[in-house]
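Before any comments, here is the structure.
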Amino acid sequence: MDFVNAIVLLSNFVIVPALSYGSQLALGAIGVTLIYGILRFANFAYGDLMAFGTMFAILFTWFFQSIGISLGVLPTALLAIPFAIIIAILFSLLIDKFVFSYYRIKKSPPVTLAMVSIGVMFVINAIIRIIIGPFDRRFFDGERFIIRANEFKEMTGLNEGLAIKSTQVLTLFVTIVVALILFWFLNKTRTGKSMRAYSDNEDLALLSGISPERVVMITWIIAAILATIAGTLYGLDKSFKPFTYFNNLLPIFAAAIVGGIGNPLGAFLGGYVIAFSEIFITYAYKKFFAYLLPESLEPNTLIQLLSTDYKFAVSFSILVIVLLFRPSGIFKGRVL
Amino acid sequence: MRQYLNVFTAYIIMGLLIILVGILQSWGVALAILNLCLISAVMTMGANIQWGYAGLINFGIMGYVALGGLAAVLVSVPPVREAWQVGGLNMILCLFLIVLLIFAIRYILKNYKKSNKRNLGIALLIIIGLIFLRLISSPAIESIEAVSPATTGFLGGLGLPIIFSWIVGALFAASIAFVIGKIALGLRADYLAIATLLISEIVIAVLKHEDWLARGVKNVIGLKRPVPYEVNLQTTDWFIRLIERLNTGSLSLITDVSEKQAVLKQLVIEGSTVFVKLCYAGLFAIVVIILLILTQKALYSPWGRMMRAIRDNEEAANAMGKNVVKRHLYIFVLGSAVVGIAGAMLTTYDGLFTPGSYQPMRFTFLIWVMVIVGGSGNNFGAILGGFAVWFVWIEAAPVALYFINIFTSGLEDTNQFKIHLINSVPYFRYLIMGMGLLLIMRYRPRGILPEKIRHA
C-alpha cells in the first residue's frame with residue numbers, strides 16, 4: 001500500500017504537472033525550431049508572440065462571455081483560440097513582410113536577424129502591455145477539476161490524493177492532436193516535404209522549383225498557430241502574465257536546442273525532457289521516501305536536490321551538457 | 001576634421017536636450033537623467049568592447065550589473081559580527097571547498113585524456129562536492145538568517161567606503177565572466193546569446209534567494225554614499241553661503257528679513273539635491289573619461305587591430321597565428337568587468353540594492369539597443385547611444401502623454417479609451433525603443449556614429 005501511495009504522490013506533484021508543462025514547452029519549442037530551421041535565426045520574439053496570441057484568446061473569451069456563449073464544462077477560451085490564431089497569423093505575416101523579409105533577401109547573418117527579433121520583441125511587448133496591461137489575468141472558466149484530491153482518496157482508500165485539473169488533460173490532448181497533424185503535414189504532404197527540403201538545402205530546393213516565399217509564409221503560419229495554442233494552454237493552466245511568457249522563452253530555447261535545433265520531433269521530446277528534469281530535480285522527496293523506506297531510515301531533511309527558485313539552473317545545466325557533448329542535440333536524425 | 005564634426009554635433013545636441021529638460025522640467029530631473037546616462041555609457045562601453053571590438057554576443061549584461069551591485073553591498077555594509085560568529089566559519093569553509101572543487105576538475109581535465117570515464121569522474125566529483133557543500137552550508141545559512149532577520153540576517157560586508165566597490169564589482173564580474181567564458185565561448189553566436197541569457201537569470205536567482213549573502217528580495221537599503229548627504233549640507237555654513245552668493249541678485253530684492261531667511265532656506269534645500277547629483281555626475285564623468293581614454297587607446301593599438309581582424313575574419317586571424325579562443329575569453333572578461341563597474345556605480349547612486357529590480361528588458365536588451373543605435377565598434381557612438389537611448393527611455397512617457405492628450409482632446413476625460421491610453425503611457429517607451437532599433441537596423445545599420453575604419 002505504501003508503494004502505491006508513493007507512486008500516487010509522485011504522480012500528483014511531479015508526473016501530471018510535468019506532462020502538462022512539458023506539452024506547453026514542446027509546442028513552443030517546435031515553433032522556435034521551425035523558424036530556426038527554415039528562416040535560420042533564433043527568434044527572441046517568440047515568447048512575446050505566444051503572449052500576443054494568448055492576449056487575443058483572452059479578449060475573444062471576454063467577448064464570448066459578454067454575449068453569453070460558453071462551452072459548458074470546457075473553457076470558453078477553446079472557442080476563442082481559432083480567432084486568436086487568425087490574428088496571430090496576420091500579425092506574424094505583417095511583421096515578416098515589413099521587418100524580416102528585408103534581411104532575408106539581403107542574406108544578413110543570423111546574428112543580425114536575432115538582433116532584429118529583439119526589436120520586434122520590444123514592439124510586441126509594448127503592444128501587449130498597452131492593450132491588456134502587465135497584470136496577472138485568469139481567464140479559465142468551466143469545470144476546474146476532473147478528479148479532486150478528496151474524491152480520489154475516497155474512491156481508492158489511499159492516503160494520498162491525486163488531483164487532475166481539466167486544463168492538464170486538455171493540454172495533453174490538444175498537444176497530441178496538434179503534434180500528430182503537424183508531423184503528418186511535414187512528412188506526408190507536398191508542402192511539408194518542400195519545407196523540409198528547403199531547410200535541408202536551400203539552394204537545391206530553389207533549384208527544384210520550390211517557392212521560397214511560400215515556404216516562409218507557411219512557416220510563419222505554423223509558428224503563429226503553435227505559439228497561440230501553446231500560450232493559451234499555458235495561460236489556462238496557470239495564468240496569463242506577459243512577463244512570465246518572456247521568461248518561458250528560455251526553457252523553450254533549451255528544449256529546442258536539446259532536441260537538436262531545426263528538428264521538430266527532437267524539439268517536441270526536448271520540451272518533455274526539460275519539463276521533467278526541472279520538476280524532478282526541484283521536487284522535495286521527503287514524503288516519497290517516508291512511504292518507501294522503513295521508519296528507521298526515514299529522512300529528516302526535505303531531500304530536495306535544488307530549490308524551486310533555481311529551475312533556470314536546470315535548463316541551463318542540461319543546455320550546457322548537451323552543447324558540450326552532443327552539439328547537434330540528444331536525438332540523432334535529419335534536420336527537420 | 002570633418003569626420004569629427006558629426007561626433008561634435010551629436011554630443012552638442014545631446015547636451016542641449018538635457019539642458020532643455022533642466023529648463024522645462026527641473027534641474028534635478030535633468031541631472032538625474034545625466035547621471036544615469038553616464039552609468040549607461042559605462043555599460044555600453046562594456047558591451048561595445050565585446051560586440052563592437054570582438055563580435056561576441058553577450059546577452060548576460062544584467063548578470064554582471066547585478067554582480068557589481070552585490071559588490072557595492074559587500075564592500076560598504078559594515079560586517080554583522082553576530083552572523084559571522086554563528087556561521088562565518090562554515091561559509092568560509094564552503095568557499096574554500098568550491099575553489100578546491102574547481103581546481104580538482106581542472107586537474108582532471110588537464111591530466112587525463114578525454115573519455116567517458118573522465119566525464120563520469122567529473123560528474124561524480126561535482127555531485128559529491130555539492131552534497132558536502134549542502135551539508136556544511138545549510139545549518140550555517142539557517143543560523144545566519146536567524147540573526148535579527150528584520151534588519152540584517154546576512155553576513156554583511158567589509159564596511160569600507162563604497163567607492164572601492166567600483167573596482168571590486170569589476171573583479172566580481174570578471175571572475176564570473178572567466179568561468180562562463182571557459183564554458184560557453186566555444187558556442188556558435190546564437191547559442192552563446194541564449195546561454196549567456198540563461199546564466200544571467202541564474203545569477204539573479206541566486207541573488208534573490210540566497211538571503212545570507214545580500215538579504216535577497218528583502219533588499220539592502222541605506223548604503224553609505226561617497227558624496228555628502230543633503231541633510232548635512234543644509235546645515236553646513238559654507239554651503240549656505242555658497243547658495244547665498246549664487247542668488248544674491250534675487251535675494252537682495254527681498255527686504256523683509258524673515259521672508260529672506262525662508263526663501264534662502266528653500267533655495268538651500270533645492271540647491272543641496274542638485275549639488276549632490278552634481279557630485280555624482282562628477283564622479284561618474286571621471287570614470288567615463290578614464291574608460292574612454294583606455295578603450296580608445298586599446299582600439300587603435302596593435303591589440304585593437306588584432307581584435308578587429310579576429311572579428312572580421314576569424315579563420316584568417318587564426319591562420320596568422322592568433323589564438324582566437326584566448327583572445328575571445330580575454331575580451332569577454334574585460335567587457336564584463338566594465339559592465340561590473342557600471343553595476344556598482346548604479347547601486348552606489350541608488351543607495352540600495354534590490355535584486356528584484358533586475359529585469360532583462362531594462363538591463364540587457366536596452367543596453368544592446370544603446371550599442372546598436374549608437375554605433376557598435378565606435379566608443380563615441382556607444383556612449384552617445386547610452387545617452388540618447390536613456391534620454392528617450394525617460395522622456396518617452398511625458399512625450400507620449402503629451403501626444404495622447406492632443407490626439408484625444410476631442411474625447412471627454414471620462415472616456416474609457418482615453419483613460420486606458422493614459423494608464424498605459426509607461427509602456428510606450430518599449431514601443432519607441434523597438435521601433436527605434438528596427439529603424440536604425442534597417443536604414444543605418446552601423447549606428448548613428450558608425451565605426452571609422454582607419455587604413456594605415
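By order of appearance in the C-alpha cells: chains A, B, ..., then residues from 1 within every chain, and ligands from 1 in the order shown.
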For a quick test of understanding: name the residues of chain B lying within 7 Å of chain A when counting only C-alpha atoms, and present them as an NGL selection string. :B and (189-190 or 198 or 202 or 205 or 424 or 427-428 or 430-431 or 433-435 or 437-438)
Could you pull out all residues of range 333-442 of chain B with a DSSP call of helix (DSSP H, G or I) and give them as a VMD selection string? chain B and resid 333 to 350 355 to 357 360 to 374 379 to 407 416 to 423 425 to 442
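Across the model, the gap from CA of Val220 in chain B to CA of Leu207 in chain B is 11.6 Å.
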Can you tell me which residues surround range 357-370 of chain B at a distance of at most 7 Å, considering only C-alpha atoms, apart from same-chain residues fewer than 2 positions away, and format the answer as a PyMOL selection string? chain B and resi 43-44+59-62+354-355+372-374+382+385-386+389+437
Test item: residues at most 9 Å from Val287 in chain B, only C-alpha atoms, excluding those fewer than 4 positions along its chain, as a PyMOL selection string: chain B and resi 38+42+282-283+291-292
If you count only C-alpha atoms, which residues fall within 10 Å of range 246-250 of chain B, apart from same-chain ones fewer than 6 positions away, as a ChimeraX atom specification? /B:240,260,263-264,267
Just C-alpha atoms for this one: save the residues we selected as a PDB file, in the first residue's frame.
```pdb
ATOM      1  CA  ILE B 240      24.568  78.092   2.753  1.00  0.00           C
ATOM      2  CA  LYS B 260      14.539  86.414   3.181  1.00  0.00           C
ATOM      3  CA  VAL B 263      13.438  81.950   0.718  1.00  0.00           C
ATOM      4  CA  LEU B 264      17.079  81.219   1.415  1.00  0.00           C
ATOM      5  CA  LEU B 267      16.924  77.657  -2.055  1.00  0.00           C
TER       6      LEU B 267
END
```
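Non-sequential neighbours of range 61-70 of chain A (distance at most 12 Å, separation of 2 or more positions within a chain, only C-alpha atoms) are A:Thr54, A:Met55, A:Phe56, A:Ala57, A:Ile58, A:Leu59, A:Gly72, A:Val73, A:Leu74, A:Pro75, A:Thr76, A:Ala77, A:Leu78, A:Leu79, A:Ala80, A:Ile81, A:Pro82, A:Phe83, A:Ala84, A:Ile132, A:Arg137, A:Arg138, A:Phe139, A:Phe140, A:Asp141, A:Gly142, A:Glu143, A:Thr232, A:Leu236.
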Go ahead and save the residues from that selection, with N, CA, C and O atoms, as an mmCIF file, in the first residue's frame.
```cif
data_model
loop_
_atom_site.group_PDB
_atom_site.id
_atom_site.type_symbol
_atom_site.label_atom_id
_atom_site.label_comp_id
_atom_site.auth_asym_id
_atom_site.auth_seq_id
_atom_site.Cartn_x
_atom_site.Cartn_y
_atom_site.Cartn_z
ATOM 1 N N THR A 54 -2.114 34.694 -26.992
ATOM 2 C CA THR A 54 -2.915 34.452 -25.789
ATOM 3 C C THR A 54 -3.772 35.661 -25.466
ATOM 4 O O THR A 54 -4.930 35.522 -25.065
ATOM 5 N N MET A 55 -3.182 36.851 -25.643
ATOM 6 C CA MET A 55 -3.939 38.054 -25.342
ATOM 7 C C MET A 55 -5.224 38.092 -26.154
ATOM 8 O O MET A 55 -6.305 38.372 -25.630
ATOM 9 N N PHE A 56 -5.115 37.759 -27.463
ATOM 10 C CA PHE A 56 -6.329 37.804 -28.275
ATOM 11 C C PHE A 56 -7.282 36.682 -27.887
ATOM 12 O O PHE A 56 -8.499 36.873 -27.931
ATOM 13 N N ALA A 57 -6.730 35.534 -27.484
ATOM 14 C CA ALA A 57 -7.617 34.471 -26.995
ATOM 15 C C ALA A 57 -8.415 34.983 -25.797
ATOM 16 O O ALA A 57 -9.614 34.737 -25.673
ATOM 17 N N ILE A 58 -7.735 35.741 -24.918
ATOM 18 C CA ILE A 58 -8.426 36.270 -23.740
ATOM 19 C C ILE A 58 -9.474 37.295 -24.149
ATOM 20 O O ILE A 58 -10.623 37.261 -23.687
ATOM 21 N N LEU A 59 -9.113 38.174 -25.081
ATOM 22 C CA LEU A 59 -10.067 39.208 -25.498
ATOM 23 C C LEU A 59 -11.310 38.559 -26.112
ATOM 24 O O LEU A 59 -12.436 38.956 -25.817
ATOM 25 N N GLY A 72 -19.862 25.240 -21.682
ATOM 26 C CA GLY A 72 -20.258 24.368 -20.581
ATOM 27 C C GLY A 72 -19.083 24.029 -19.699
ATOM 28 O O GLY A 72 -18.453 24.917 -19.133
ATOM 29 N N VAL A 73 -18.759 22.734 -19.611
ATOM 30 C CA VAL A 73 -17.672 22.339 -18.717
ATOM 31 C C VAL A 73 -16.306 22.734 -19.265
ATOM 32 O O VAL A 73 -15.348 22.872 -18.525
ATOM 33 N N LEU A 74 -16.212 22.897 -20.590
ATOM 34 C CA LEU A 74 -14.922 23.256 -21.165
ATOM 35 C C LEU A 74 -14.730 24.775 -21.096
ATOM 36 O O LEU A 74 -15.704 25.518 -21.088
ATOM 37 N N PRO A 75 -13.474 25.230 -21.059
ATOM 38 C CA PRO A 75 -13.249 26.671 -21.015
ATOM 39 C C PRO A 75 -13.651 27.332 -22.332
ATOM 40 O O PRO A 75 -13.461 26.770 -23.408
ATOM 41 N N THR A 76 -14.212 28.532 -22.215
ATOM 42 C CA THR A 76 -14.635 29.278 -23.396
ATOM 43 C C THR A 76 -13.453 29.586 -24.299
ATOM 44 O O THR A 76 -13.611 29.761 -25.507
ATOM 45 N N ALA A 77 -12.263 29.646 -23.695
ATOM 46 C CA ALA A 77 -11.066 30.023 -24.454
ATOM 47 C C ALA A 77 -10.845 29.099 -25.651
ATOM 48 O O ALA A 77 -10.306 29.518 -26.669
ATOM 49 N N LEU A 78 -11.288 27.835 -25.541
ATOM 50 C CA LEU A 78 -11.114 26.909 -26.665
ATOM 51 C C LEU A 78 -11.799 27.435 -27.901
ATOM 52 O O LEU A 78 -11.305 27.297 -29.016
ATOM 53 N N LEU A 79 -12.949 28.051 -27.691
ATOM 54 C CA LEU A 79 -13.708 28.620 -28.790
ATOM 55 C C LEU A 79 -12.987 29.840 -29.361
ATOM 56 O O LEU A 79 -13.068 30.136 -30.552
ATOM 57 N N ALA A 80 -12.261 30.519 -28.473
ATOM 58 C CA ALA A 80 -11.603 31.762 -28.881
ATOM 59 C C ALA A 80 -10.301 31.498 -29.626
ATOM 60 O O ALA A 80 -9.857 32.341 -30.396
ATOM 61 N N ILE A 81 -9.708 30.319 -29.408
ATOM 62 C CA ILE A 81 -8.384 30.050 -29.983
ATOM 63 C C ILE A 81 -8.347 30.244 -31.507
ATOM 64 O O ILE A 81 -7.464 30.947 -32.010
ATOM 65 N N PRO A 82 -9.319 29.687 -32.273
ATOM 66 C CA PRO A 82 -9.226 29.851 -33.730
ATOM 67 C C PRO A 82 -9.183 31.316 -34.162
ATOM 68 O O PRO A 82 -8.399 31.677 -35.052
ATOM 69 N N PHE A 83 -9.979 32.150 -33.509
ATOM 70 C CA PHE A 83 -9.990 33.567 -33.883
ATOM 71 C C PHE A 83 -8.652 34.215 -33.518
ATOM 72 O O PHE A 83 -8.103 35.000 -34.285
ATOM 73 N N ALA A 84 -8.148 33.852 -32.341
ATOM 74 C CA ALA A 84 -6.851 34.405 -31.922
ATOM 75 C C ALA A 84 -5.760 33.967 -32.884
ATOM 76 O O ALA A 84 -4.865 34.747 -33.221
ATOM 77 N N ILE A 132 -3.545 45.160 -23.031
ATOM 78 C CA ILE A 132 -4.165 44.391 -21.936
ATOM 79 C C ILE A 132 -3.496 44.650 -20.588
ATOM 80 O O ILE A 132 -4.014 44.252 -19.549
ATOM 81 N N ARG A 137 -3.652 37.735 -15.254
ATOM 82 C CA ARG A 137 -5.075 37.569 -15.560
ATOM 83 C C ARG A 137 -5.421 36.089 -15.632
ATOM 84 O O ARG A 137 -4.703 35.301 -16.225
ATOM 85 N N ARG A 138 -6.548 35.754 -15.024
ATOM 86 C CA ARG A 138 -7.057 34.390 -15.127
ATOM 87 C C ARG A 138 -8.295 34.421 -16.004
ATOM 88 O O ARG A 138 -9.177 35.238 -15.795
ATOM 89 N N PHE A 139 -8.325 33.543 -16.992
ATOM 90 C CA PHE A 139 -9.476 33.567 -17.892
ATOM 91 C C PHE A 139 -10.085 32.179 -18.032
ATOM 92 O O PHE A 139 -10.792 31.899 -18.964
ATOM 93 N N PHE A 140 -9.803 31.338 -17.045
ATOM 94 C CA PHE A 140 -10.345 29.985 -17.101
ATOM 95 C C PHE A 140 -11.785 29.993 -16.620
ATOM 96 O O PHE A 140 -12.118 30.622 -15.619
ATOM 97 N N ASP A 141 -12.659 29.331 -17.343
ATOM 98 C CA ASP A 141 -13.994 29.091 -16.805
ATOM 99 C C ASP A 141 -14.347 27.635 -17.112
ATOM 100 O O ASP A 141 -13.611 26.938 -17.787
ATOM 101 N N GLY A 142 -15.476 27.189 -16.603
ATOM 102 C CA GLY A 142 -15.824 25.781 -16.791
ATOM 103 C C GLY A 142 -15.384 24.969 -15.577
ATOM 104 O O GLY A 142 -15.078 25.508 -14.524
ATOM 105 N N GLU A 143 -15.308 23.673 -15.766
ATOM 106 C CA GLU A 143 -15.024 22.774 -14.645
ATOM 107 C C GLU A 143 -13.514 22.741 -14.403
ATOM 108 O O GLU A 143 -12.742 22.474 -15.311
ATOM 109 N N THR A 232 -2.010 29.900 -25.026
ATOM 110 C CA THR A 232 -3.331 29.855 -24.412
ATOM 111 C C THR A 232 -3.430 28.697 -23.426
ATOM 112 O O THR A 232 -3.990 28.846 -22.335
ATOM 113 N N LEU A 236 -4.272 29.061 -19.553
ATOM 114 C CA LEU A 236 -5.411 28.378 -18.925
ATOM 115 C C LEU A 236 -4.932 27.599 -17.715
ATOM 116 O O LEU A 236 -5.577 27.575 -16.666
#
```
Extract the full set of strand (DSSP E or B) residues from range 60-203 of chain A according to DSSP on the backbone, and format it as a PDB file with C-alpha atoms, in the first residue's frame.
```pdb
ATOM      1  CA  LEU A  71     -18.770  25.673 -23.801  1.00  0.00           C
ATOM      2  CA  LEU A  74     -14.922  23.256 -21.165  1.00  0.00           C
ATOM      3  CA  ARG A 137      -5.075  37.569 -15.560  1.00  0.00           C
ATOM      4  CA  PHE A 145     -11.003  19.520 -11.876  1.00  0.00           C
ATOM      5  CA  ILE A 146     -11.571  16.130 -13.412  1.00  0.00           C
ATOM      6  CA  ILE A 147     -10.599  14.332 -10.224  1.00  0.00           C
ATOM      7  CA  ILE A 164      -6.107  16.136 -12.109  1.00  0.00           C
ATOM      8  CA  LYS A 165      -7.042  19.537 -13.454  1.00  0.00           C
TER       9      LYS A 165
END
```
Among the residues A:Pro212, A:Leu93, A:Pro109, A:Tyr272, the one that comes closest to Gly259 in chain A [using only C-alpha atoms]: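 Result for the nearest residue to Gly259 in chain A: A:Tyr272.
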Quick one: residues within 12 Å of Tyr349 in chain B, only C-alpha atoms counted, chain neighbours fewer than 5 positions away excluded, as a ChimeraX atom specification? /B:32,35-36,38-39,69,72,162-163,166,221-227,276-281,283-284,342-344
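Considering only C-alpha atoms, the residue among B:Val257, B:Ile422, B:Ala41, B:Ile128 positioned nearest to Val288 in chain B is B:Ala41.
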What is the distance, in Å and to one decimal place, between CA of Gly271 in chain A and CA of Ile222 in chain A?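 Answer for the CA of Gly271 in chain A to CA of Ile222 in chain A separation: 17.6 Å.
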Nearest residue to Arg148 in chain A from the set A:Leu9, A:Ala163, A:Ile218, A:Ala88 (distances using only C-alpha atoms):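 The answer is A:Ala163, which sits nearest to Arg148 in chain A.
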